[in-house]
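Asker: A single structure is presented below for examination.
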Amino acid sequence: MTRRVSCRVCGGKVIEIVDFGRMPLANAFIREQDFAKEKFFRLAAGVCEKCSIFQLLEQPQPSAMFHSDYPFFTAGSERMREHFQRLADETKGFLTSRSAVLEIGCNDGTLLENFHRAGFRCFGVDPSSNTLERALARGLFGRACFFNSKTADEIYADQGLFDLVLSANCFCHIPDLGDVLDGVARVLSPQGVLVTEDPYLGEVFRQTSYDQIYDEHVFLFSVTSMANLLAVKDFEIFDLEPQWTHGGSMRFYIARKGARPVSSKVREFLKREEQAGFKREEIYRAFAAACERSRAGLRECLEDFKRKDKPVYGYGATSKSTTVLNYAGIGPDLIKAVFDTTPEKQGKFTPGTHIPILPYAKFIDLCPEAVVLFAWNHAQEILKKEEAFRARGGKWIFYIPEAHVE
Ligand code: TMP
Ligand code: ZN
């Protein structure tokens with residue numbers, strides 16, 4: 001059944017592309033006593049006929065996802081810390097010694113701290129009070145709230161204008177992006193720059209990384225759809241730069257229309273996407289077919305291990321893995337347990353599929369033979385760190401772009 005809903009951004013018709021079925025919240029790691037209370041929604045996504053933005057058809061309430069128990073902390077990954085140090089180095093050129101920096105969705109302050117240490121006035125906003133507390137503990141200023149036009153007015157009254165507004169892996173989470181851009185317009189100085197980074201739809205298609213689709217990612221941006229979204233609010237992309245983070249992201253440098261010269265890279269990317277068919281339906285349909293193949297391949301691979309009586313484990317209880325496990329119907333019969341370094345997740349179970357989550361130390365103790373790399377976007381860091389696992393004959397199972405064992 002094809003269901004059409006209207007686009008969150010432009011009101012156009014959204015064509016359904018993928019339907020991953022019944023799904024819990026990706027980050028709702030659950031205790032055994034709460035299994036019966038688990039909440040589900042339907043995870044399906046589509047593309048807007050008019051503005052080409054790729055979006056979820058249904059999304060749970062943001063307050064159910066971003067709250068005082070939010071289990072994700074940016075500082076958990078060393079390579080992310082390095083990445084944000086570089087982001088800060090690459091954007092300081094937009095600042096003068098009197099400039100202030102605002103971050104929307106600052107999490108634990110890992111990115112903003114780089115500006116704070118360099119002597120800039122910083123302000124972080126995040127709706128999850130537990131992550132914001134860690135930012136405040138670093139000496140940053142901030143507020144636990146959703147950023148929107150109303151809170152932006154209050155922040156402006158309190159803090160004045162900002163020459164740089166940052167948002168890393170946050171815009172893709174916000175259903176009412178139009179209102180957020182109205183908020184940015186209120187707090188950004190006339191020549192100010194908004195820098196955003198989010199998973200890039202082009203990479204999701206290239207790698208069939210369908211696990212980027214989960215409740216928190218209400219949008220996956222292409223350059224085309226981002227440009228359309230900004231144009232309505234009199235902003236434009238003046239530069240962009242692909243990033244390795246989150247399995248392939250795009251950094252957008254955004255300013256008020258006409259405020260800064262537009263790099264030829266922006267036009268090139270728009271042309272490339274036009275040629276690849278980002279404004280037509282076929283590329284989206286091809287992606288849907290690739291998702292089906294990928295899930296079938298992973299199930300087959302895990303069933304093969306099971307037939308041979310070889311237990312398989314998982315590495316990284318990631319939010320992305322919730323989509324994969326539920327869509328492919330993989331439970332404790334196929335994956336015995338998942339190892340994770342986050343204390344808040346350990347002792348709990350994966351959402352919907354109820355695979356136990358064990359502390360990372362168990363990965364060493366149990367000496368598993370085969371492990372699915374759910375944190376595949378950190379593959380480089382992890383494979384290097386775990387050289388000993390492979391050296392003693394351990395096998396990594398990958399599912400991006402299709403299931404394979406290495
Ligand atoms: P995310 O992909 O949803 O951000 O979650 C990443 C999870 O992976 C997080 O819970 C921490 C875990 N992780 C490890 O257990 N070991 C690692 O080496 C890395 C990089 C992440
Ligand atoms: Zn639209």
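Quick note on naming: the chains in the structure tokens go A, B, ... in the order shown, residues restart at 1 in each chain, and ligands are numbered from 1 in order of appearance.
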May I ask you to write as a ChimeraX atom specification all residues lying at most 12 Å from ligand 2, with only C-alpha atoms and all ligand atoms counted?
Answerer: /A:5-15,46-55,177-178,219,221,224-230,232,279
Asker: Can I get the selected residues back with C-alpha atoms, as a short mmCIF file (atom, residue, chain, number, x, y, z; two decimals), in the first residue's frame?
Answerer:
```
data_model
loop_
_atom_site.label_atom_id
_atom_site.label_comp_id
_atom_site.auth_asym_id
_atom_site.auth_seq_id
_atom_site.Cartn_x
_atom_site.Cartn_y
_atom_site.Cartn_z
CA VAL A 5 1.38 12.42 3.41
CA SER A 6 2.24 16.07 3.05
CA CYS A 7 5.81 17.35 3.29
CA ARG A 8 6.86 18.79 6.64
CA VAL A 9 8.80 21.53 4.87
CA CYS A 10 6.79 22.65 1.84
CA GLY A 11 3.42 20.93 2.14
CA GLY A 12 4.01 19.03 -1.14
CA LYS A 13 3.10 15.38 -1.63
CA VAL A 14 5.43 12.79 -0.09
CA ILE A 15 5.81 9.55 -2.03
CA GLY A 46 9.49 8.92 1.49
CA VAL A 47 10.51 11.80 -0.73
CA CYS A 48 8.67 15.06 -1.38
CA GLU A 49 7.63 15.47 -5.00
CA LYS A 50 8.06 19.22 -4.79
CA CYS A 51 11.17 20.01 -2.67
CA SER A 52 12.85 16.55 -2.84
CA ILE A 53 13.38 16.32 0.91
CA PHE A 54 13.63 12.72 2.14
CA GLN A 55 11.66 12.31 5.36
CA LEU A 177 13.09 23.06 10.58
CA GLY A 178 11.42 26.15 9.18
CA PHE A 219 15.19 14.10 7.44
CA PHE A 221 19.37 15.81 3.27
CA THR A 224 19.15 19.79 -3.57
CA SER A 225 16.67 19.50 -0.70
CA MET A 226 18.83 21.56 1.68
CA ALA A 227 19.09 24.36 -0.89
CA ASN A 228 15.29 24.30 -1.37
CA LEU A 229 14.67 24.40 2.35
CA LEU A 230 16.99 27.35 2.90
CA VAL A 232 12.30 29.76 1.54
CA LYS A 279 14.51 14.96 -8.39
#
```
Asker: Skip Lys348 in chain A itself and residues of its chain fewer than 3 positions away, then list as a ChimeraX atom specification all residues within 10 Å of it, counting only C-alpha atoms.
Answerer: /A:28-32,343-345,351,354-358
Asker: Given a cut-off of 7 Å, what residues near ligand 1 show up using only C-alpha atoms and all ligand atoms, put as a short mmCIF file (atom, residue, chain, number, x, y, z; two decimals) with N, CA, C and O atoms, in the first residue's frame?
Answerer:
```
data_model
loop_
_atom_site.label_atom_id
_atom_site.label_comp_id
_atom_site.auth_asym_id
_atom_site.auth_seq_id
_atom_site.Cartn_x
_atom_site.Cartn_y
_atom_site.Cartn_z
N PHE A 72 23.23 9.04 24.51
CA PHE A 72 24.36 9.24 23.60
C PHE A 72 25.22 10.43 24.03
O PHE A 72 24.72 11.53 24.23
N GLY A 76 32.24 10.06 23.64
CA GLY A 76 32.51 8.63 23.65
C GLY A 76 33.45 8.16 22.54
O GLY A 76 34.05 7.10 22.66
N SER A 77 33.57 8.91 21.47
CA SER A 77 34.44 8.46 20.39
C SER A 77 35.61 9.42 20.20
O SER A 77 35.44 10.63 20.05
N TYR A 315 28.89 -5.66 17.93
CA TYR A 315 29.84 -4.67 18.47
C TYR A 315 29.21 -3.28 18.32
O TYR A 315 29.02 -2.80 17.21
N GLY A 316 28.86 -2.66 19.45
CA GLY A 316 28.26 -1.32 19.43
C GLY A 316 26.74 -1.39 19.39
O GLY A 316 26.15 -1.76 18.39
N ALA A 317 26.11 -1.07 20.53
CA ALA A 317 24.63 -1.01 20.57
C ALA A 317 24.23 0.37 20.04
O ALA A 317 23.85 1.26 20.78
N THR A 318 24.34 0.51 18.74
CA THR A 318 24.12 1.82 18.11
C THR A 318 22.62 2.06 17.89
O THR A 318 21.84 1.11 17.82
N SER A 319 22.29 3.32 17.72
CA SER A 319 20.89 3.63 17.39
C SER A 319 20.55 3.03 16.03
O SER A 319 19.45 2.52 15.82
N LYS A 320 21.52 3.09 15.11
CA LYS A 320 21.31 2.55 13.76
C LYS A 320 20.96 1.07 13.78
O LYS A 320 20.17 0.59 12.97
N PHE A 339 28.17 -5.97 22.54
CA PHE A 339 29.12 -5.31 23.45
C PHE A 339 29.06 -3.80 23.22
O PHE A 339 29.03 -3.34 22.08
N ASP A 340 29.08 -3.04 24.32
CA ASP A 340 29.04 -1.58 24.17
C ASP A 340 29.76 -0.93 25.34
O ASP A 340 29.70 -1.39 26.48
N THR A 341 30.42 0.19 25.04
CA THR A 341 31.22 0.89 26.05
C THR A 341 30.40 1.86 26.90
O THR A 341 30.91 2.38 27.88
N THR A 342 29.14 2.11 26.51
CA THR A 342 28.34 3.11 27.24
C THR A 342 27.70 2.49 28.48
O THR A 342 26.83 1.61 28.36
N TYR A 360 31.82 -3.67 27.39
CA TYR A 360 32.85 -3.92 26.39
C TYR A 360 33.86 -4.96 26.87
O TYR A 360 34.34 -5.79 26.07
N ALA A 375 28.65 -0.60 14.82
CA ALA A 375 29.21 0.77 14.80
C ALA A 375 30.08 0.92 13.56
O ALA A 375 31.21 1.39 13.63
N HIS A 378 32.32 3.78 12.60
CA HIS A 378 33.59 3.95 13.30
C HIS A 378 34.56 2.83 12.94
O HIS A 378 35.49 2.53 13.70
N GLU A 381 38.43 3.28 13.27
CA GLU A 381 38.89 3.36 14.66
C GLU A 381 38.83 1.99 15.33
O GLU A 381 39.75 1.56 16.01
N ILE A 382 37.74 1.27 15.10
CA ILE A 382 37.52 0.02 15.81
C ILE A 382 38.42 -1.10 15.28
O ILE A 382 39.04 -1.82 16.05
#
```
Asker: Closest to Gly21 in chain A among A:Ala391, A:Leu140, A:Val324, A:Leu112, using only C-alpha atoms?
Answerer: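 Distance minimum relative to Gly21 in chain A lands on A:Val324.
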Asker: Quick one: pull the distance between CA of Phe40 in chain A and CA of His173 in chain A, Å, one decimal.
Answerer: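 Computing it gives 18.2 Å between the two atoms.
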Asker: Pick from A:Ala259, A:Ala328, A:Ala288, A:Val204: nearest to Ile400 in chain A, with only C-alpha atoms counted?
Answerer: A:Val204
Asker: As number ranges by chain, please: every residue in range 66-261 of chain A that a backbone DSSP assignment puts in helix (DSSP H, G or I).
Answerer: A: 74-76, 78-94, 112-117, 129-137, 149-159, 171-173, 177-187, 201-207, 210-212, 223-232, 245-247
